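Asks: Here you go, this is protein.txt (compact mmCIF, C-alpha atoms).
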```
# COMPACT_ATOMS: atom_id res chain seq x y z
CA MET A 12 68.60 255.33 51.57
CA ASN A 13 68.32 251.71 52.76
CA LEU A 14 70.18 250.32 55.75
CA LEU A 15 72.89 248.66 53.63
CA SER A 16 73.57 251.91 51.80
CA GLN A 17 73.75 253.78 55.10
CA ARG A 18 76.33 251.33 56.39
CA ARG A 19 78.39 251.62 53.22
CA THR A 20 78.27 255.41 53.49
CA ARG A 21 79.45 255.27 57.10
CA ALA A 22 82.26 252.88 56.17
CA ILE A 23 83.42 255.12 53.32
CA SER A 24 83.32 258.20 55.57
CA PHE A 25 85.38 256.48 58.22
CA ALA A 26 87.86 255.20 55.62
CA MET A 27 88.30 258.79 54.48
CA LEU A 28 88.88 259.83 58.10
CA LEU A 29 91.56 257.16 58.52
CA GLY A 30 93.09 258.13 55.21
CA ALA A 31 93.77 261.57 56.64
CA SER A 32 95.76 260.07 59.50
CA SER A 33 99.05 261.35 58.12
CA SER A 34 97.81 264.90 58.53
CA ALA A 35 98.26 267.10 61.58
CA LEU A 36 94.85 265.93 62.84
CA ALA A 37 96.28 262.48 63.55
CA GLN A 38 99.44 263.67 65.26
CA ARG A 39 99.65 262.80 68.93
CA ALA A 40 98.19 265.38 71.29
CA THR A 41 100.76 267.59 73.00
CA TYR A 42 100.91 270.69 75.20
CA PRO A 43 102.90 273.89 74.76
CA PRO A 44 105.45 274.65 77.51
CA GLU A 45 103.30 277.60 78.60
CA GLU A 46 100.65 275.12 79.78
CA PHE A 47 102.97 273.69 82.43
CA VAL A 48 104.39 277.09 83.39
CA ALA A 49 100.84 278.27 84.09
CA ARG A 50 100.14 275.20 86.22
CA ARG A 51 103.29 275.70 88.27
CA THR A 52 102.45 279.37 88.71
CA LYS A 53 99.03 278.43 90.08
CA LEU A 54 100.64 275.96 92.46
CA MET A 55 103.13 278.59 93.68
CA SER A 56 100.29 280.99 94.43
CA THR A 57 98.75 278.41 96.79
CA LEU A 58 101.90 277.65 98.81
CA PRO A 59 102.10 279.37 102.21
CA PRO A 60 104.92 281.92 102.67
CA GLY A 61 108.33 280.34 103.06
CA SER A 62 107.25 276.86 101.97
CA VAL A 63 108.55 274.78 99.07
CA ALA A 64 107.32 271.72 97.20
CA MET A 65 108.92 268.68 95.61
CA MET A 66 107.48 266.19 93.13
CA PHE A 67 109.05 262.96 91.94
CA ALA A 68 108.93 261.31 88.52
CA ALA A 69 108.46 257.62 87.87
CA THR A 70 111.70 255.68 88.30
CA MET A 71 111.06 252.59 86.18
CA PRO A 72 109.33 251.96 82.83
CA GLN A 73 106.30 249.67 82.77
CA PRO A 74 107.31 246.29 81.29
CA GLY A 75 105.87 245.72 77.84
CA LEU A 76 104.03 249.03 77.74
CA ARG A 77 104.69 252.49 76.36
CA PHE A 78 106.04 254.62 79.20
CA ARG A 79 103.61 256.87 81.02
CA GLN A 80 104.93 259.42 83.48
CA ASP A 81 103.66 259.86 87.05
CA ASN A 82 100.45 261.89 86.69
CA ASP A 83 101.28 264.62 89.21
CA PHE A 84 104.85 265.06 87.96
CA PHE A 85 103.71 265.25 84.34
CA TYR A 86 100.93 267.68 85.23
CA LEU A 87 103.48 270.19 86.55
CA THR A 88 106.41 269.60 84.19
CA GLY A 89 105.37 267.93 80.94
CA ASN A 90 108.56 265.90 81.35
CA GLU A 91 108.65 262.17 80.54
CA ASP A 92 112.18 261.35 81.72
CA LEU A 93 112.77 258.77 84.44
CA SER A 94 113.80 259.69 88.00
CA GLY A 95 113.30 263.44 87.71
CA ILE A 96 112.64 265.67 90.71
CA LEU A 97 110.81 268.99 90.62
CA TYR A 98 111.56 271.67 93.24
CA VAL A 99 109.17 274.61 93.51
CA ASP A 100 109.86 277.67 95.67
CA GLY A 101 106.62 279.53 96.34
CA ALA A 102 108.24 282.62 97.86
CA ARG A 103 110.78 283.17 95.07
CA LYS A 104 108.40 281.97 92.34
CA GLU A 105 111.03 279.64 90.92
CA ALA A 106 110.96 276.06 89.70
CA PHE A 107 113.99 273.81 89.25
CA LEU A 108 114.16 270.42 87.56
CA PHE A 109 116.72 267.73 88.44
CA LEU A 110 117.41 264.90 85.97
CA PRO A 111 119.89 262.01 85.89
CA LYS A 112 123.07 262.58 83.90
CA GLN A 113 123.00 259.96 81.16
CA PRO A 114 126.10 258.12 79.95
CA PRO A 115 126.65 258.07 76.16
CA ARG A 116 125.38 254.51 75.80
CA GLN A 117 122.09 255.33 77.51
CA ILE A 118 121.62 258.33 75.25
CA GLU A 119 122.28 256.10 72.25
CA VAL A 120 119.74 253.49 73.36
CA ASP A 121 117.01 255.56 75.04
CA GLY A 122 117.52 259.03 73.62
CA PRO A 123 118.63 262.16 75.47
CA ASN A 124 116.79 263.71 78.37
CA TRP A 125 116.35 267.46 78.81
CA LEU A 126 119.78 267.86 80.41
CA GLU A 127 121.27 267.43 76.95
CA ASP A 128 119.32 270.43 75.62
CA LYS A 129 121.08 273.62 76.69
CA ASP A 130 117.97 275.70 75.93
CA ALA A 131 115.49 273.42 77.75
CA ALA A 132 115.30 275.45 80.97
CA LYS A 133 114.56 278.67 79.10
CA THR A 134 112.08 277.22 76.63
CA ARG A 135 110.26 275.21 79.30
CA GLY A 136 110.07 277.89 81.97
CA PHE A 137 112.46 276.57 84.63
CA ALA A 138 114.98 278.66 86.54
CA ALA A 139 117.46 275.86 85.79
CA ILE A 140 117.67 272.16 84.95
CA HIS A 141 120.42 270.52 87.04
CA PRO A 142 122.01 267.07 87.13
CA LEU A 143 120.34 264.95 89.80
CA PRO A 144 123.47 264.53 92.02
CA TYR A 145 123.46 268.29 92.63
CA LEU A 146 120.14 268.08 94.51
CA GLU A 147 121.69 267.52 97.96
CA GLU A 148 123.97 270.55 97.67
CA PHE A 149 121.13 272.59 96.16
CA LEU A 150 118.88 271.88 99.14
CA ALA A 151 121.71 272.81 101.53
CA ARG A 152 122.23 276.12 99.73
CA ARG A 153 118.49 276.90 99.86
CA ARG A 154 118.24 276.00 103.54
CA ASN A 155 116.42 278.56 105.68
CA ALA A 156 117.14 279.05 109.36
CA GLY A 157 114.76 277.06 111.53
CA PRO A 158 111.93 274.76 110.44
CA GLN A 159 110.65 274.86 106.87
CA THR A 160 107.49 273.41 105.36
CA LEU A 161 108.00 270.99 102.48
CA TYR A 162 104.95 269.98 100.48
CA VAL A 163 105.22 266.51 98.96
CA ARG A 164 102.71 263.87 98.01
CA LEU A 165 101.77 262.01 101.16
CA SER A 166 98.67 260.45 99.58
CA GLU A 167 98.81 257.52 97.18
CA ARG A 168 99.76 258.22 93.59
CA ASP A 169 97.01 257.68 91.04
CA GLU A 170 97.56 255.74 87.82
CA VAL A 171 95.99 255.94 84.38
CA ASP A 172 93.29 253.44 85.40
CA MET A 173 93.41 253.72 89.19
CA SER A 174 92.38 256.52 91.55
CA ARG A 175 94.28 257.40 94.73
CA GLY A 176 91.62 255.48 96.64
CA ASP A 177 91.89 252.49 94.29
CA LYS A 178 95.65 252.46 94.79
CA ALA A 179 95.24 252.50 98.58
CA LEU A 180 92.77 249.62 98.34
CA HIS A 181 95.11 247.48 96.25
CA TRP A 182 98.06 248.18 98.52
CA GLY A 183 95.88 247.16 101.45
CA ARG A 184 95.05 243.88 99.73
CA LYS A 185 98.72 243.30 98.91
CA ALA A 186 99.66 243.86 102.55
CA SER A 187 97.29 241.08 103.63
CA SER A 188 100.08 238.69 102.63
CA SER A 189 103.02 238.56 105.01
CA PHE A 190 105.24 238.51 101.92
CA GLY A 191 103.65 241.61 100.41
CA THR A 192 104.13 244.13 103.17
CA GLN A 193 107.17 246.04 101.93
CA PRO A 194 106.61 249.82 101.79
CA THR A 195 105.75 251.57 98.58
CA GLU A 196 108.36 253.67 96.80
CA ASP A 197 106.46 256.78 97.89
CA ALA A 198 106.37 255.66 101.52
CA TRP A 199 110.11 254.91 101.48
CA ARG A 200 110.78 258.32 99.93
CA ILE A 201 108.82 260.10 102.67
CA ASP A 202 110.76 258.29 105.39
CA GLU A 203 114.04 259.16 103.67
CA LEU A 204 113.13 262.85 103.43
CA ARG A 205 112.34 262.92 107.15
CA ARG A 206 115.59 261.14 107.98
CA ARG A 207 117.84 263.31 105.80
CA TYR A 208 116.17 266.67 106.36
CA PRO A 209 114.75 266.85 109.89
CA HIS A 210 114.23 270.61 109.58
CA PHE A 211 111.52 270.00 106.96
CA GLU A 212 107.93 269.73 108.16
CA LEU A 213 106.26 267.51 105.56
CA LYS A 214 102.73 268.31 104.43
CA ASP A 215 100.57 266.69 101.76
CA ILE A 216 100.42 268.52 98.44
CA SER A 217 97.79 266.15 97.02
CA PRO A 218 94.68 268.15 98.04
CA THR A 219 96.12 271.27 96.43
CA LEU A 220 97.11 269.44 93.25
CA ASP A 221 93.75 267.69 93.12
CA SER A 222 91.89 271.01 93.27
CA LEU A 223 93.94 272.21 90.29
CA ARG A 224 93.66 269.01 88.26
CA VAL A 225 89.89 268.65 88.65
CA ILE A 226 89.24 271.85 86.65
CA LYS A 227 90.44 271.23 83.13
CA THR A 228 92.33 273.88 81.18
CA PRO A 229 91.24 274.93 77.66
CA ARG A 230 94.00 272.78 76.14
CA GLU A 231 92.98 269.76 78.20
CA ILE A 232 89.37 270.24 77.11
CA GLU A 233 90.46 270.43 73.49
CA ILE A 234 92.30 267.12 73.84
CA LEU A 235 89.38 265.53 75.71
CA ARG A 236 87.05 266.46 72.87
CA ARG A 237 89.40 264.90 70.35
CA ASN A 238 89.72 261.77 72.49
CA GLY A 239 85.93 261.63 72.85
CA ARG A 240 85.53 261.55 69.07
CA ALA A 241 88.21 258.90 68.59
CA SER A 242 87.02 256.67 71.44
CA ALA A 243 83.42 256.95 70.27
CA GLU A 244 84.41 255.89 66.75
CA GLY A 245 86.26 252.89 68.16
CA ILE A 246 83.21 251.71 70.09
CA LYS A 247 80.98 252.21 67.04
CA ARG A 248 83.29 250.11 64.90
CA ALA A 249 83.30 247.37 67.55
CA ILE A 250 79.50 247.31 67.69
CA ALA A 251 79.36 247.02 63.90
CA LEU A 252 81.59 243.92 64.11
CA THR A 253 79.10 242.04 66.31
CA LYS A 254 78.33 238.55 65.09
CA ALA A 255 77.68 235.21 66.79
CA GLY A 256 80.86 233.16 66.68
CA ARG A 257 83.20 236.14 66.88
CA TYR A 258 85.29 236.51 70.01
CA GLU A 259 85.08 239.30 72.54
CA TYR A 260 88.71 240.17 71.87
CA GLU A 261 87.93 240.83 68.20
CA LEU A 262 85.70 243.73 69.26
CA GLU A 263 88.45 244.96 71.55
CA ALA A 264 90.98 244.77 68.70
CA GLU A 265 88.75 246.75 66.34
CA ALA A 266 88.33 249.57 68.84
CA ARG A 267 92.03 249.62 69.77
CA TYR A 268 92.98 249.92 66.10
CA VAL A 269 90.78 252.98 65.75
CA PHE A 270 92.20 254.52 68.95
CA ALA A 271 95.79 254.06 67.77
CA LYS A 272 95.04 255.30 64.26
CA ALA A 273 93.58 258.48 65.76
CA GLY A 274 96.74 259.22 67.77
CA SER A 275 96.14 257.74 71.23
CA GLU A 276 99.23 256.62 73.12
CA MET A 277 97.62 253.80 75.05
CA ASP A 278 94.39 252.47 76.55
CA ALA A 279 92.79 254.39 79.38
CA TYR A 280 92.13 251.01 81.06
CA PRO A 281 91.96 247.35 80.03
CA ALA A 282 89.06 246.81 77.64
CA ILE A 283 85.94 245.27 79.15
CA VAL A 284 84.05 243.24 76.53
CA GLY A 285 81.74 240.94 78.47
CA SER A 286 79.14 238.74 76.80
CA GLY A 287 76.60 236.26 78.15
CA PRO A 288 77.65 235.13 81.64
CA ASN A 289 80.50 237.65 81.66
CA VAL A 290 78.29 240.75 81.67
CA ASN A 291 77.75 240.53 85.42
CA THR A 292 81.46 240.77 86.23
CA TRP A 293 81.84 244.53 86.20
CA HIS A 294 85.56 244.66 85.46
CA TYR A 295 85.81 241.47 83.38
CA ASN A 296 88.63 241.87 80.86
CA ARG A 297 89.74 238.41 79.71
CA ASN A 298 87.65 238.95 76.58
CA ASP A 299 88.17 235.37 75.36
CA ARG A 300 84.60 234.08 74.94
CA ALA A 301 82.81 233.51 71.64
CA LEU A 302 79.66 235.59 71.19
CA GLU A 303 76.36 233.68 71.06
CA ASP A 304 72.86 234.60 69.94
CA GLY A 305 70.83 235.62 72.97
CA ASP A 306 73.82 237.24 74.65
CA LEU A 307 74.04 240.79 75.82
CA ILE A 308 77.39 242.51 75.35
CA VAL A 309 78.73 245.14 77.76
CA MET A 310 81.68 247.01 76.30
CA ASP A 311 83.50 249.53 78.49
CA TYR A 312 86.57 251.01 76.83
CA GLY A 313 88.32 254.29 76.10
CA ALA A 314 91.63 255.70 74.94
CA SER A 315 94.28 257.80 76.62
CA MET A 316 95.34 260.72 74.47
CA GLY A 317 97.66 263.51 75.58
CA TYR A 318 97.47 262.06 79.11
CA GLN A 319 93.69 262.64 79.08
CA THR A 320 91.45 259.59 79.34
CA MET A 321 87.96 258.74 78.13
CA ASP A 322 85.34 256.40 79.64
CA ILE A 323 82.54 254.97 77.48
CA THR A 324 80.22 251.99 77.90
CA ARG A 325 77.51 250.62 75.66
CA THR A 326 75.28 247.54 76.06
CA TRP A 327 73.68 245.72 73.13
CA PRO A 328 72.35 242.29 72.06
CA VAL A 329 74.35 240.03 69.76
CA SER A 330 71.17 239.21 67.82
CA GLY A 331 70.39 242.88 67.17
CA LYS A 332 67.17 242.67 69.19
CA PHE A 333 66.50 243.11 72.92
CA ASP A 334 63.96 240.90 74.64
CA GLU A 335 61.18 242.64 76.60
CA LEU A 336 62.95 242.76 79.98
CA GLN A 337 66.28 243.73 78.45
CA GLU A 338 64.70 246.58 76.52
CA ARG A 339 62.75 247.86 79.52
CA ALA A 340 65.90 247.86 81.62
CA TYR A 341 67.81 249.56 78.81
CA ARG A 342 65.23 252.30 78.35
CA ALA A 343 65.13 252.88 82.12
CA GLY A 344 68.90 253.19 82.26
CA LEU A 345 68.98 255.48 79.25
CA GLU A 346 66.29 257.78 80.62
CA ALA A 347 68.12 257.95 83.96
CA GLN A 348 71.44 258.72 82.30
CA LYS A 349 70.00 261.48 80.13
CA ALA A 350 68.20 263.05 83.10
CA ILE A 351 71.33 262.94 85.28
CA ILE A 352 73.38 264.62 82.57
CA ALA A 353 70.76 267.31 82.02
CA ALA A 354 70.91 268.14 85.74
CA MET A 355 74.69 268.52 85.83
CA ARG A 356 74.79 272.30 85.95
CA PRO A 357 77.09 274.49 88.06
CA GLY A 358 76.01 274.41 91.70
CA ALA A 359 74.09 271.11 91.46
CA THR A 360 75.25 268.10 93.47
CA ARG A 361 75.66 264.37 93.05
CA ALA A 362 72.98 263.80 95.72
CA GLN A 363 70.47 265.61 93.53
CA THR A 364 71.35 263.45 90.51
CA ARG A 365 71.03 260.29 92.57
CA GLU A 366 67.48 261.26 93.55
CA ILE A 367 66.65 261.84 89.90
CA CYS A 368 67.88 258.34 89.07
CA ARG A 369 65.97 256.76 91.94
CA LYS A 370 62.64 258.18 90.74
CA ILE A 371 63.22 257.03 87.16
CA PHE A 372 64.18 253.51 88.23
CA GLU A 373 61.01 253.32 90.32
CA LYS A 374 58.88 254.52 87.41
CA TRP A 375 60.17 251.69 85.20
CA GLY A 376 59.68 249.03 87.86
CA PHE A 377 63.29 248.82 89.06
CA ALA A 378 62.92 250.21 92.56
CA ASP A 379 65.12 247.37 93.84
CA GLN A 380 68.09 248.67 91.87
CA ARG A 381 70.73 250.85 93.47
CA PRO A 382 70.26 254.38 92.08
CA SER A 383 73.28 255.96 90.43
CA SER A 384 74.44 259.55 90.44
CA ALA A 385 76.91 261.51 88.38
CA GLY A 386 79.93 259.23 88.70
CA HIS A 387 83.69 259.53 89.00
CA PHE A 388 85.88 262.33 87.71
CA VAL A 389 87.82 261.75 84.48
CA GLY A 390 91.13 263.29 83.40
CA LEU A 391 94.76 262.19 83.76
CA SER A 392 93.29 259.11 85.40
CA VAL A 393 90.06 257.49 84.28
CA HIS A 394 89.09 257.60 87.97
CA ASP A 395 90.51 261.07 88.36
CA VAL A 396 91.15 263.21 91.42
CA GLY A 397 88.57 265.56 92.92
CA ASP A 398 86.16 265.90 95.82
CA PRO A 399 82.86 264.17 94.97
CA ASN A 400 81.09 266.14 97.70
CA GLU A 401 81.72 269.44 95.92
CA PRO A 402 78.97 270.95 93.74
CA PHE A 403 79.57 270.79 90.01
CA LYS A 404 81.84 273.48 88.58
CA PRO A 405 82.64 274.43 84.99
CA GLY A 406 85.71 272.53 83.81
CA MET A 407 84.97 269.34 85.74
CA VAL A 408 84.79 266.18 83.62
CA ILE A 409 82.64 263.37 84.99
CA ALA A 410 81.56 259.90 83.81
CA VAL A 411 77.86 259.08 84.09
CA GLU A 412 76.93 255.37 84.13
CA PRO A 413 73.65 254.30 85.75
CA ILE A 414 73.52 250.52 86.01
CA ILE A 415 70.62 248.07 86.10
CA GLU A 416 71.61 244.49 86.87
CA ILE A 417 69.53 241.32 87.11
CA LYS A 418 72.08 238.58 87.59
CA GLU A 419 69.74 235.60 87.34
CA LYS A 420 68.72 236.81 83.86
CA ARG A 421 72.28 237.66 82.77
CA ILE A 422 71.28 241.29 82.43
CA HIS A 423 73.68 244.12 83.09
CA ILE A 424 72.70 247.42 81.46
CA ARG A 425 75.40 250.05 81.55
CA ILE A 426 75.29 253.19 79.39
CA GLU A 427 78.23 255.45 80.14
CA ASP A 428 79.37 258.77 78.73
CA THR A 429 82.06 261.25 79.72
CA VAL A 430 80.61 264.70 80.36
CA LEU A 431 82.14 268.18 80.61
CA ILE A 432 80.51 270.63 83.02
CA THR A 433 80.15 274.04 81.36
CA GLU A 434 78.60 277.37 82.35
CA GLY A 435 75.39 276.17 80.72
CA GLU A 436 74.32 272.87 79.19
CA PRO A 437 76.64 269.91 79.90
CA GLU A 438 78.73 268.74 76.96
CA ILE A 439 78.81 265.00 76.27
CA LEU A 440 82.33 264.34 75.03
CA SER A 441 81.49 260.80 73.89
CA LYS A 442 78.21 261.73 72.21
CA ASP A 443 79.11 260.18 68.85
CA VAL A 444 78.35 256.65 70.04
CA PRO A 445 74.63 256.02 69.47
CA LYS A 446 72.64 255.05 72.54
CA GLU A 447 69.00 255.51 71.48
CA VAL A 448 67.62 252.00 71.05
CA GLU A 449 66.87 252.20 67.33
CA GLU A 450 70.15 253.92 66.45
CA LEU A 451 72.19 251.50 68.52
CA LEU A 452 70.57 248.42 67.04
CA ALA A 453 70.98 249.79 63.52
CA LEU A 454 74.75 249.44 63.92
CA ILE A 455 74.52 245.67 64.51
CA PRO A 456 74.73 243.51 61.39
CA ARG A 457 71.59 241.43 60.95
CA VAL A 458 71.96 237.79 59.93
CA LYS A 459 69.70 236.95 56.97
```
Could you take the file, read its structure, and then write that structure out as structure tokens?
Replies:
Amino acid sequence: MNLLSQRRTRAISFAMLLGASSSALAQRATYPPEEFVARRTKLMSTLPPGSVAMMFAATMPQPGLRFRQDNDFFYLTGNEDLSGILYVDGARKEAFLFLPKQPPRQIEVDGPNWLEDKDAAKTRGFAAIHPLPYLEEFLARRRNAGPQTLYVRLSERDEVDMSRGDKALHWGRKASSSFGTQPTEDAWRIDELRRRYPHFELKDISPTLDSLRVIKTPREIEILRRNGRASAEGIKRAIALTKAGRYEYELEAEARYVFAKAGSEMDAYPAIVGSGPNVNTWHYNRNDRALEDGDLIVMDYGASMGYQTMDITRTWPVSGKFDELQERAYRAGLEAQKAIIAAMRPGATRAQTREICRKIFEKWGFADQRPSSAGHFVGLSVHDVGDPNEPFKPGMVIAVEPIIEIKEKRIHIRIEDTVLITEGEPEILSKDVPKEVEELLALIPRVK
């Protein structure tokens, strides 16, 4: 079969896949209520005797975007209503949800929240779902004599495309302006809890939640696999659109169409499609330049599906052919990435994978490059929670992206996949995007 026939076959196969989008396979990814009950049960088992925990939902929708709930609140409730509060009692093994009482007009415009469903508490595993104004009286009725420990999030909240550390960094930059120093909503909430309830001793629940979130459940893994297939197909379709004169945003649009058609709710992060001089800006996302022959393209993009994200990067030449230095750097990066992934077994560490990368970079003549290791965690956030100093454990999901950069030559080689740690061989969730040189270049249309 010649190359043209192969491309036609791939196009027909993908058209058939899209044609099945009305089936259950293309429905948006969801979780059964038992998933969240099990998560709350695990959390309760970690709370010290006599302590309770509270989590807070997002209070405002994101302008112009489909709403996405606070990660920690969603992880424990599955609820996507605004301004909810979760109360968990570790000793009594009970969870209560508090939601705003909606007026009729709000229900008409936005739809009802769970308060309007009389069976919601039973079907979703809560002791009760109460109107939000009852919270103050509820806390008074549950008051114990003497001090009581209340676990709340004292660390920064993470977002779909921003880790807790990233959020702290951006708030620090914002505070550098004398007009940007107002407290965050979370910081105000903590002060208010201390003011209203002085008997509570506040402790940070984030480390406990992070240790739960970093190990993915079977249902989360199932959704991550599905997202990996959809995100990989989007990147493949973008590569196949490559042509001098096309704009970076056209590649972004092709991938986003595939993501949406496959059932994703939103992007995991703004698409990075950098060509030519833009490849050396790591988080470039204007995507407004026309592609030119001689350019490299770095595309870093993934979908969010069922609140689980995906992180994929591929690098390729617009012309369909690497020059000698580009290809040597690419093959070095590819060998390093494959070796890092192969070493990601239970008990191994990031330090070990960094040493593997260092030796491979040296072998290919890139000893001056900063060696990479297994990278950031992936999950509810594309830079997900977890302790990077911990050895690898089954159920962790980690992005691997060794980078070789030679700025004066406009070279930035980044090959990134999202990897699931298993009991045995690591599973590459984004494996369906070609990365071997010949297979990658075969996707690029050749100008005759």
Asks: Could you check the closest approach to Thr253 (chain A) for each of A:Thr228, A:Thr195, A:Thr326, A:Ser441 and tell me which residue wins, using only C-alpha atoms?
Replies: A:Thr326
Asks: Point out the residue among A:Gly245, A:Pro456, A:Gly435, A:Gly376 with the least atom-to-atom distance to Asp311 (chain A), counting only C-alpha atoms.
Replies: A:Gly245
Asks: Which residues come within 9 Å of Arg369 (chain A), counting all atoms listed in the file, excluding same-chain residues fewer than 3 positions away, as a list in words?
Replies: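 In the requested format, the answer is Ala347, Thr364, Arg365, Glu366, Phe372, Glu373, Lys374, Phe377, Ala378, Gln380, Arg381, Pro382 and Ser383 of chain A.
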Asks: Which residues are close to Met321 (chain A), i.e. within 9 Å by all atoms listed in the file, leaving aside same-chain residues fewer than 2 positions away? Reply as a PyMOL selection string.
Replies: chain A and resi 235+238-239+242+279+312-316+319+323+389-390+393+410+428-429+440-441
Asks: What would the file look like if the residues just selected were written as a PDB file, in the frame of the given file with C-alpha atoms?
Replies:
```
ATOM      1  CA  LEU A 235      89.380 265.530  75.710  1.00  0.00           C
ATOM      2  CA  ASN A 238      89.720 261.770  72.490  1.00  0.00           C
ATOM      3  CA  GLY A 239      85.930 261.630  72.850  1.00  0.00           C
ATOM      4  CA  SER A 242      87.020 256.670  71.440  1.00  0.00           C
ATOM      5  CA  ALA A 279      92.790 254.390  79.380  1.00  0.00           C
ATOM      6  CA  TYR A 312      86.570 251.010  76.830  1.00  0.00           C
ATOM      7  CA  GLY A 313      88.320 254.290  76.100  1.00  0.00           C
ATOM      8  CA  ALA A 314      91.630 255.700  74.940  1.00  0.00           C
ATOM      9  CA  SER A 315      94.280 257.800  76.620  1.00  0.00           C
ATOM     10  CA  MET A 316      95.340 260.720  74.470  1.00  0.00           C
ATOM     11  CA  GLN A 319      93.690 262.640  79.080  1.00  0.00           C
ATOM     12  CA  ILE A 323      82.540 254.970  77.480  1.00  0.00           C
ATOM     13  CA  VAL A 389      87.820 261.750  84.480  1.00  0.00           C
ATOM     14  CA  GLY A 390      91.130 263.290  83.400  1.00  0.00           C
ATOM     15  CA  VAL A 393      90.060 257.490  84.280  1.00  0.00           C
ATOM     16  CA  ALA A 410      81.560 259.900  83.810  1.00  0.00           C
ATOM     17  CA  ASP A 428      79.370 258.770  78.730  1.00  0.00           C
ATOM     18  CA  THR A 429      82.060 261.250  79.720  1.00  0.00           C
ATOM     19  CA  LEU A 440      82.330 264.340  75.030  1.00  0.00           C
ATOM     20  CA  SER A 441      81.490 260.800  73.890  1.00  0.00           C
TER      21      SER A 441
END
```
Asks: Please list as number ranges by chain every residue within 12 Å of Arg457 (chain A), counting all atoms listed in the file and excluding residues in the same chain fewer than 5 positions away.
Replies: A: 14-15, 18, 250-255, 304, 328-332, 452
Asks: Region 220-224 of chain A: which residues within 10 Å, counting all atoms listed in the file, same-chain residues fewer than 2 positions away excluded, as a ChimeraX atom specification?
Replies: /A:50,53-54,57,82-83,86-87,164,215-218,226-228,390-391,395-398,406-407
Asks: I need region 330-356 of chain A from the structure I supplied, saved as an mmCIF file, in the first residue's frame with C-alpha atoms retained.
Replies:
```cif
data_model
loop_
_atom_site.group_PDB
_atom_site.id
_atom_site.type_symbol
_atom_site.label_atom_id
_atom_site.label_comp_id
_atom_site.auth_asym_id
_atom_site.auth_seq_id
_atom_site.Cartn_x
_atom_site.Cartn_y
_atom_site.Cartn_z
ATOM 1 C CA SER A 330 8.867 20.549 5.428
ATOM 2 C CA GLY A 331 8.521 16.924 6.520
ATOM 3 C CA LYS A 332 12.297 16.555 6.892
ATOM 4 C CA PHE A 333 14.630 17.295 9.815
ATOM 5 C CA ASP A 334 18.052 18.767 9.154
ATOM 6 C CA GLU A 335 21.053 16.924 10.624
ATOM 7 C CA LEU A 336 21.202 18.782 13.964
ATOM 8 C CA GLN A 337 17.435 18.725 14.404
ATOM 9 C CA GLU A 338 17.294 14.992 13.791
ATOM 10 C CA ARG A 339 20.197 14.250 16.129
ATOM 11 C CA ALA A 340 18.562 16.285 18.875
ATOM 12 C CA TYR A 341 15.231 14.584 18.202
ATOM 13 C CA ARG A 342 16.684 11.082 18.345
ATOM 14 C CA ALA A 343 18.526 11.945 21.566
ATOM 15 C CA GLY A 344 15.335 13.245 23.149
ATOM 16 C CA LEU A 345 13.354 10.245 21.976
ATOM 17 C CA GLU A 346 15.887 7.748 23.300
ATOM 18 C CA ALA A 347 15.954 9.568 26.646
ATOM 19 C CA GLN A 348 12.170 9.635 26.884
ATOM 20 C CA LYS A 349 11.799 5.942 26.088
ATOM 21 C CA ALA A 350 14.513 5.007 28.603
ATOM 22 C CA ILE A 351 12.954 7.155 31.347
ATOM 23 C CA ILE A 352 9.552 5.558 30.785
ATOM 24 C CA ALA A 353 11.011 2.059 30.818
ATOM 25 C CA ALA A 354 12.569 2.786 34.220
ATOM 26 C CA MET A 355 9.332 4.018 35.792
ATOM 27 C CA ARG A 356 8.600 0.925 37.856
#
```
